[in-house]
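Beneath this line is the structure, given in C-alpha cells, with notes to follow.
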Amino acid sequence: MASALLELKDMEVAFTIGKRAYPALQQISFKVEEKETVGIVGESGCGKSLTSLSVMGLLPETAAMTKGGIILNGQPMEPASSEGWSTVRGKQVSMIFQNPMSALNPLMPVGKQIAEMAMTHLSVSKQEAKRLAMEMMAKVGLSRVERLYDDYPHQLSGGMMQRIMIAMALICSPKLLIADEPTTALDVTIQGQILDLLRDMNRSIGTAILFISHDLGVIREVCDRVIVMYAGYIVEDAPVAEILDHPKHPYTVGLLQSLPSADKRGRPLYTIPGRVPSITDRGPGCPFAGRCPSATDLCESVTPELSQVAAGHQVRCHLYANGGRVI
Ligand SMILES: Nc1ncnc2c1ncn2[C@@H]1O[C@H](COP(=O)(O)OP(=O)(O)OP(=O)(O)O)[C@@H](O)[C@H]1O
C-alpha cells in the first residue's frame, strides 16, 4: 500500500518548565492521506496548535519532541534538523493562521508577498512570479487583481486578507495545507465563504487539509474525518458523518451537545462543566475523568488506550475498551 501523505507515529511533545519536562502531547498517532481533509477539534489547551506546529517543525523553543516521529511523503522528519523542515515548508506543507495580519508583512504590497513565495520555492523569474501570483489571487476569489496586487495589508478587509494568505499558502501547490482556526476572527458570512473556498481548493488543486478548530460545526463543513483531542491525547478519530451520528467518547458527546442548532433555539447552550487540566496538573488515569459523567474508579487510575469500535473509528475510553462493548 502507498504510504500516507503525513503520518504521526506515537508522538510525544513536552515543555521544560524549571527542571521538569511536562508532556503536552502524548501518543499522537494519525495519518492524513493525499487529498484528504482532516479536522482536529478540542477546547483551548487540548493540543491542537502544538500538533500543527510539530508538523511544520515550528515548536516553541521550550518544547521538544520527546518520543515518536513524523513522516511526510515517506520521509522521516528529523526533529533537530531545521534545514530539513525549511525545504518542506511552503513547498510541501504550508499553513494559514487565525490572524492573517500578523503573518503578512505590513510594509509590502500583498501581491508582491505572494510572488516572493513563488520566487523562493519555484525558482521562477520575477515576471512569471507576478503572473502566477495574480492568477492565484483570482483563483481564491479576489477581483480586480491588477489593482489589488499593489495594495498593502491594512487596505484589505479581514476576509480579503485571509484570501491573500490562502493564495500565498497555495501558490507552490503544497500537498498539505494546515489551517489553524482560519475563520475564527471573521464574521459568519465571510467565515462561510472562506470555508467554501478551502473546500473548492481541496477539490480543484487536490491539496490535503489539516483543519484545526475548537468548533465541530465548522469542521463538519470542510472535513472528511475528524480527530478529537483532549488534554494532549487523541480521544476519538472517525469519519465526520460517523462522529455526528455515533459519537462515542463522552467528551465528543459533550462537544456535540454544545453545538447550536435550530431545535435548541431560545435555550441556553450547553457547556461541558469544568475545564481542560493544564500540563502541570495532569495525573494518572483518563485525562477527562474529572469532567466525565460516566467515570469509574478505573478511569481515575488507568489511561485508556485507543481502541477500534467500527471501521475507521477509534476511541480512547474505558467504556469502549473491548472492541466497543460498554463495561
Ligand atoms: N509556551 C508554552 N509553555 C508551556 N505550556 C504551553 C506553551 N504553549 C502551549 N502550552 C500548553 O500546551 C498545551 C497545548 O497547547 P495548544 O496551544 O496546542 O492548545 P490548543 O488546543 O491549540 O489551544 P488554543 O485553541 O487555545 O490554541 C496547553 O495545555 C498549553 O497550556
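Convention: chains lettered A, B, ... in C-alpha cells order; per-chain residue numbering from 1; ligands numbered from 1 as shown.
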
task = Name each residue within 10 Å of ligand 1, counting only C-alpha atoms and all ligand atoms, as a PyMOL selection string.
result = chain A and resi 13-17+22-25+40-54+59-63+98+180-181+212-215+229-232+276-282

Mind writing the picked residues with N, CA and C atoms as a tab-separated table (two decimals), in the first residue's frame?
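This went into result23.tsv:
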chain	number	residue	atom	x	y	z
A	13	VAL	N	5.22	15.40	22.78
A	13	VAL	CA	5.90	16.70	22.83
A	13	VAL	C	5.81	17.19	24.26
A	14	ALA	N	6.96	17.63	24.81
A	14	ALA	CA	6.96	18.07	26.21
A	14	ALA	C	7.56	19.47	26.33
A	15	PHE	N	7.07	20.21	27.31
A	15	PHE	CA	7.65	21.52	27.64
A	15	PHE	C	8.55	21.35	28.85
A	16	THR	N	9.68	22.04	28.83
A	16	THR	CA	10.52	22.04	30.02
A	16	THR	C	10.17	23.29	30.83
A	17	ILE	N	9.72	23.03	32.05
A	17	ILE	CA	9.39	24.15	32.94
A	17	ILE	C	10.20	23.93	34.21
A	22	TYR	N	7.19	18.47	31.08
A	22	TYR	CA	5.76	18.17	31.17
A	22	TYR	C	5.21	17.85	29.79
A	23	PRO	N	4.74	16.61	29.58
A	23	PRO	CA	4.20	16.31	28.25
A	23	PRO	C	2.92	17.11	27.96
A	24	ALA	N	2.90	17.73	26.78
A	24	ALA	CA	1.71	18.47	26.36
A	24	ALA	C	0.95	17.66	25.31
A	25	LEU	N	1.66	16.77	24.60
A	25	LEU	CA	1.04	15.85	23.64
A	25	LEU	C	1.54	14.46	23.95
A	40	ILE	N	-9.01	18.74	13.31
A	40	ILE	CA	-8.65	18.46	14.70
A	40	ILE	C	-9.47	19.41	15.56
A	41	VAL	N	-10.24	18.82	16.47
A	41	VAL	CA	-11.13	19.64	17.29
A	41	VAL	C	-10.85	19.42	18.77
A	42	GLY	N	-11.12	20.43	19.56
A	42	GLY	CA	-10.96	20.32	21.01
A	42	GLY	C	-11.00	21.73	21.58
A	43	GLU	N	-11.24	21.82	22.90
A	43	GLU	CA	-11.27	23.14	23.51
A	43	GLU	C	-9.86	23.71	23.58
A	44	SER	N	-9.77	24.97	23.98
A	44	SER	CA	-8.49	25.63	24.13
A	44	SER	C	-7.60	24.83	25.10
A	45	GLY	N	-6.36	24.61	24.72
A	45	GLY	CA	-5.42	23.91	25.60
A	45	GLY	C	-5.37	22.41	25.39
A	46	CYS	N	-6.12	21.89	24.40
A	46	CYS	CA	-6.13	20.44	24.18
A	46	CYS	C	-4.93	19.95	23.38
A	47	GLY	N	-4.23	20.88	22.71
A	47	GLY	CA	-3.02	20.48	21.98
A	47	GLY	C	-3.13	20.55	20.47
A	48	LYS	N	-4.18	21.21	19.97
A	48	LYS	CA	-4.39	21.29	18.52
A	48	LYS	C	-3.25	22.05	17.84
A	49	SER	N	-2.96	23.25	18.35
A	49	SER	CA	-1.94	24.08	17.69
A	49	SER	C	-0.56	23.44	17.79
A	50	LEU	N	-0.28	22.86	18.95
A	50	LEU	CA	1.02	22.22	19.14
A	50	LEU	C	1.21	21.07	18.15
A	51	THR	N	0.12	20.36	17.86
A	51	THR	CA	0.19	19.28	16.87
A	51	THR	C	0.53	19.85	15.50
A	52	SER	N	-0.14	20.95	15.11
A	52	SER	CA	0.13	21.50	13.78
A	52	SER	C	1.52	22.13	13.73
A	53	LEU	N	1.95	22.76	14.81
A	53	LEU	CA	3.29	23.35	14.80
A	53	LEU	C	4.36	22.25	14.71
A	54	SER	N	4.09	21.09	15.31
A	54	SER	CA	5.02	19.96	15.20
A	54	SER	C	5.19	19.56	13.74
A	59	LEU	N	8.00	24.16	16.58
A	59	LEU	CA	7.70	24.09	18.01
A	59	LEU	C	8.37	25.25	18.75
A	60	PRO	N	7.72	25.76	19.81
A	60	PRO	CA	8.39	26.81	20.61
A	60	PRO	C	9.71	26.28	21.19
A	61	GLU	N	10.62	27.22	21.51
A	61	GLU	CA	11.95	26.81	21.98
A	61	GLU	C	11.94	25.94	23.22
A	62	THR	N	10.94	26.17	24.10
A	62	THR	CA	10.90	25.41	25.35
A	62	THR	C	10.24	24.03	25.18
A	63	ALA	N	9.81	23.72	23.95
A	63	ALA	CA	9.15	22.42	23.72
A	63	ALA	C	10.04	21.54	22.85
A	98	GLN	N	-5.15	32.07	12.20
A	98	GLN	CA	-6.35	32.81	12.55
A	98	GLN	C	-6.24	34.28	12.16
A	180	ASP	N	-5.09	26.73	10.76
A	180	ASP	CA	-5.29	26.78	12.21
A	180	ASP	C	-6.30	27.87	12.55
A	181	GLU	N	-7.52	27.49	12.85
A	181	GLU	CA	-8.62	28.41	13.16
A	181	GLU	C	-8.70	29.54	12.13
A	212	ILE	N	-7.70	22.92	11.84
A	212	ILE	CA	-7.75	22.98	13.30
A	212	ILE	C	-8.86	23.92	13.74
A	213	SER	N	-9.73	23.47	14.62
A	213	SER	CA	-10.77	24.37	15.12
A	213	SER	C	-11.31	23.88	16.45
A	214	HIS	N	-11.81	24.85	17.27
A	214	HIS	CA	-12.47	24.43	18.51
A	214	HIS	C	-13.94	24.14	18.20
A	215	ASP	N	-14.37	24.38	16.95
A	215	ASP	CA	-15.78	24.34	16.59
A	215	ASP	C	-16.08	23.16	15.65
A	229	MET	N	-9.32	15.96	20.15
A	229	MET	CA	-8.22	15.94	21.12
A	229	MET	C	-8.71	16.43	22.47
A	230	TYR	N	-8.14	15.81	23.51
A	230	TYR	CA	-8.43	16.30	24.86
A	230	TYR	C	-7.17	16.18	25.70
A	231	ALA	N	-6.76	17.29	26.32
A	231	ALA	CA	-5.60	17.32	27.23
A	231	ALA	C	-4.38	16.59	26.65
A	232	GLY	N	-4.10	16.84	25.39
A	232	GLY	CA	-2.87	16.30	24.80
A	232	GLY	C	-2.99	14.92	24.21
A	276	VAL	N	-10.20	22.10	30.86
A	276	VAL	CA	-9.08	21.22	30.48
A	276	VAL	C	-7.95	21.39	31.51
A	277	PRO	N	-7.43	20.28	32.09
A	277	PRO	CA	-6.33	20.44	33.05
A	277	PRO	C	-5.07	20.97	32.36
A	278	SER	N	-4.33	21.84	33.05
A	278	SER	CA	-3.09	22.37	32.45
A	278	SER	C	-2.03	21.26	32.43
A	279	ILE	N	-0.95	21.47	31.68
A	279	ILE	CA	0.04	20.39	31.53
A	279	ILE	C	0.74	20.06	32.86
A	280	THR	N	0.74	21.01	33.80
A	280	THR	CA	1.40	20.75	35.09
A	280	THR	C	0.44	20.06	36.07
A	281	ASP	N	-0.78	19.84	35.62
A	281	ASP	CA	-1.81	19.36	36.53
A	281	ASP	C	-2.49	18.10	35.99
A	282	ARG	N	-1.70	17.26	35.31
A	282	ARG	CA	-2.29	16.04	34.73
A	282	ARG	C	-1.77	14.81	35.46

ask   = Please, which residues of stretch 44-211 of chain A, numbered as in this document, come out strand (DSSP E or B) from DSSP, as a PyMOL selection string?
value = chain A and resi 63-72+75-77+89+93-96+176-180+208-211

Deliver the residues from the most recent selection as a file, using N, CA and C atoms, as a JSON list (two decimals), in the first residue's frame.
[["chain", "number", "residue", "atom", "x", "y", "z"],
["A", 63, "ALA", "N", 9.81, 23.72, 23.95],
["A", 63, "ALA", "CA", 9.15, 22.42, 23.72],
["A", 63, "ALA", "C", 10.04, 21.54, 22.85],
["A", 64, "ALA", "N", 9.91, 20.24, 23.02],
["A", 64, "ALA", "CA", 10.68, 19.31, 22.18],
["A", 64, "ALA", "C", 9.88, 18.04, 21.95],
["A", 65, "MET", "N", 10.14, 17.43, 20.79],
["A", 65, "MET", "CA", 9.52, 16.14, 20.51],
["A", 65, "MET", "C", 10.32, 15.09, 21.29],
["A", 66, "THR", "N", 9.69, 14.47, 22.27],
["A", 66, "THR", "CA", 10.43, 13.59, 23.17],
["A", 66, "THR", "C", 10.23, 12.11, 22.85],
["A", 67, "LYS", "N", 9.29, 11.82, 21.97],
["A", 67, "LYS", "CA", 9.06, 10.42, 21.55],
["A", 67, "LYS", "C", 8.45, 10.43, 20.16],
["A", 68, "GLY", "N", 8.56, 9.30, 19.49],
["A", 68, "GLY", "CA", 7.86, 9.10, 18.22],
["A", 68, "GLY", "C", 8.38, 9.99, 17.12],
["A", 69, "GLY", "N", 7.60, 10.17, 16.07],
["A", 69, "GLY", "CA", 8.08, 10.99, 14.97],
["A", 69, "GLY", "C", 7.03, 11.29, 13.94],
["A", 70, "ILE", "N", 7.50, 12.02, 12.91],
["A", 70, "ILE", "CA", 6.62, 12.47, 11.83],
["A", 70, "ILE", "C", 7.21, 12.03, 10.51],
["A", 71, "ILE", "N", 6.38, 11.43, 9.67],
["A", 71, "ILE", "CA", 6.82, 11.01, 8.34],
["A", 71, "ILE", "C", 6.00, 11.78, 7.33],
["A", 72, "LEU", "N", 6.69, 12.54, 6.48],
["A", 72, "LEU", "CA", 5.99, 13.33, 5.48],
["A", 72, "LEU", "C", 6.37, 12.83, 4.11],
["A", 75, "GLN", "N", 9.16, 10.48, 3.99],
["A", 75, "GLN", "CA", 10.45, 10.89, 4.57],
["A", 75, "GLN", "C", 10.31, 11.17, 6.08],
["A", 76, "PRO", "N", 11.09, 10.47, 6.93],
["A", 76, "PRO", "CA", 11.03, 10.82, 8.35],
["A", 76, "PRO", "C", 11.61, 12.23, 8.55],
["A", 77, "MET", "N", 10.92, 13.06, 9.32],
["A", 77, "MET", "CA", 11.41, 14.42, 9.57],
["A", 77, "MET", "C", 12.22, 14.41, 10.85],
["A", 89, "ARG", "N", 8.64, 23.31, 4.13],
["A", 89, "ARG", "CA", 7.70, 24.40, 4.39],
["A", 89, "ARG", "C", 7.45, 25.21, 3.12],
["A", 93, "VAL", "N", 4.32, 21.59, 2.61],
["A", 93, "VAL", "CA", 3.31, 21.89, 3.63],
["A", 93, "VAL", "C", 3.27, 23.39, 3.83],
["A", 94, "SER", "N", 2.10, 23.99, 3.85],
["A", 94, "SER", "CA", 2.05, 25.39, 4.24],
["A", 94, "SER", "C", 0.90, 25.59, 5.21],
["A", 95, "MET", "N", 0.88, 26.78, 5.80],
["A", 95, "MET", "CA", -0.03, 26.96, 6.93],
["A", 95, "MET", "C", -0.71, 28.31, 6.84],
["A", 96, "ILE", "N", -1.98, 28.36, 7.22],
["A", 96, "ILE", "CA", -2.65, 29.66, 7.40],
["A", 96, "ILE", "C", -3.15, 29.74, 8.83],
["A", 176, "LEU", "N", 0.00, 19.53, 1.40],
["A", 176, "LEU", "CA", -0.78, 19.65, 2.63],
["A", 176, "LEU", "C", -0.89, 21.11, 3.06],
["A", 177, "LEU", "N", -2.12, 21.53, 3.35],
["A", 177, "LEU", "CA", -2.34, 22.87, 3.91],
["A", 177, "LEU", "C", -2.82, 22.70, 5.35],
["A", 178, "ILE", "N", -2.13, 23.36, 6.27],
["A", 178, "ILE", "CA", -2.60, 23.34, 7.66],
["A", 178, "ILE", "C", -3.33, 24.65, 7.91],
["A", 179, "ALA", "N", -4.59, 24.56, 8.30],
["A", 179, "ALA", "CA", -5.38, 25.76, 8.53],
["A", 179, "ALA", "C", -5.73, 25.80, 10.02],
["A", 180, "ASP", "N", -5.09, 26.73, 10.76],
["A", 180, "ASP", "CA", -5.29, 26.78, 12.21],
["A", 180, "ASP", "C", -6.30, 27.87, 12.55],
["A", 208, "ALA", "N", -4.35, 18.34, 0.37],
["A", 208, "ALA", "CA", -4.95, 17.80, 1.59],
["A", 208, "ALA", "C", -5.01, 18.93, 2.62],
["A", 209, "ILE", "N", -6.00, 18.89, 3.50],
["A", 209, "ILE", "CA", -6.12, 19.96, 4.51],
["A", 209, "ILE", "C", -6.19, 19.36, 5.91],
["A", 210, "LEU", "N", -5.35, 19.91, 6.79],
["A", 210, "LEU", "CA", -5.46, 19.59, 8.22],
["A", 210, "LEU", "C", -6.06, 20.83, 8.85],
["A", 211, "PHE", "N", -7.31, 20.73, 9.27],
["A", 211, "PHE", "CA", -8.09, 21.90, 9.68],
["A", 211, "PHE", "C", -8.26, 21.90, 11.19]]

message = Report as an NGL selection string all protein, DNA and RNA residues lying within 9 Å of stretch 132-142 of chain A, evaluated on only C-alpha atoms, omitting residues in the same chain fewer than 4 positions from it.
response = :A and (111-118 or 127-128 or 146 or 148-149 or 160 or 163-164 or 166-168 or 170-171 or 197-198 or 201)

message = Need the shell around A:Ile243: protein/DNA/RNA residues with any atom at most 9 Å away, counting only C-alpha atoms. Skip same-chain ones fewer than 3 positions apart. Format as an NGL selection string?
response = :A and (225-226 or 236-240 or 246-248 or 252-253 or 313)

Go ahead and write the residues just picked, N, CA and C atoms, as an mmCIF file, in the first residue's frame.
data_model
loop_
_atom_site.group_PDB
_atom_site.id
_atom_site.type_symbol
_atom_site.label_atom_id
_atom_site.label_comp_id
_atom_site.auth_asym_id
_atom_site.auth_seq_id
_atom_site.Cartn_x
_atom_site.Cartn_y
_atom_site.Cartn_z
ATOM 1 N N ARG A 225 -12.802 13.699 7.788
ATOM 2 C CA ARG A 225 -12.539 12.947 9.017
ATOM 3 C C ARG A 225 -12.257 13.915 10.144
ATOM 4 N N VAL A 226 -12.504 13.509 11.368
ATOM 5 C CA VAL A 226 -12.203 14.411 12.481
ATOM 6 C C VAL A 226 -11.476 13.668 13.598
ATOM 7 N N GLU A 236 -10.727 10.522 20.120
ATOM 8 C CA GLU A 236 -11.601 9.878 19.135
ATOM 9 C C GLU A 236 -11.155 10.286 17.741
ATOM 10 N N ASP A 237 -11.263 9.366 16.800
ATOM 11 C CA ASP A 237 -10.830 9.618 15.415
ATOM 12 C C ASP A 237 -11.796 8.843 14.520
ATOM 13 N N ALA A 238 -12.545 9.545 13.669
ATOM 14 C CA ALA A 238 -13.562 8.863 12.852
ATOM 15 C C ALA A 238 -13.993 9.744 11.693
ATOM 16 N N PRO A 239 -14.641 9.160 10.677
ATOM 17 C CA PRO A 239 -15.224 9.988 9.629
ATOM 18 C C PRO A 239 -16.227 10.958 10.253
ATOM 19 N N VAL A 240 -16.339 12.170 9.663
ATOM 20 C CA VAL A 240 -17.206 13.192 10.248
ATOM 21 C C VAL A 240 -18.645 12.683 10.424
ATOM 22 N N HIS A 246 -22.771 8.783 15.486
ATOM 23 C CA HIS A 246 -22.463 7.811 16.539
ATOM 24 C C HIS A 246 -21.257 8.245 17.368
ATOM 25 N N PRO A 247 -21.324 9.419 18.032
ATOM 26 C CA PRO A 247 -20.183 9.821 18.857
ATOM 27 C C PRO A 247 -20.043 8.830 19.996
ATOM 28 N N LYS A 248 -18.804 8.496 20.369
ATOM 29 C CA LYS A 248 -18.622 7.507 21.436
ATOM 30 C C LYS A 248 -18.042 8.161 22.685
ATOM 31 N N THR A 252 -16.593 13.924 23.209
ATOM 32 C CA THR A 252 -17.159 14.232 21.892
ATOM 33 C C THR A 252 -18.658 14.474 22.023
ATOM 34 N N VAL A 253 -19.307 13.653 22.844
ATOM 35 C CA VAL A 253 -20.747 13.815 23.061
ATOM 36 C C VAL A 253 -21.015 15.217 23.629
ATOM 37 N N HIS A 313 -12.945 3.985 12.967
ATOM 38 C CA HIS A 313 -13.432 4.730 14.133
ATOM 39 C C HIS A 313 -12.726 4.232 15.397
#

inquiry  = Let me make sure I understand: among A:Leu216, A:Val235, A:Val222, A:Leu104, which one has the smallest atom-to-atom distance to A:Met161 if we use only C-alpha atoms?
reply    = A:Leu104
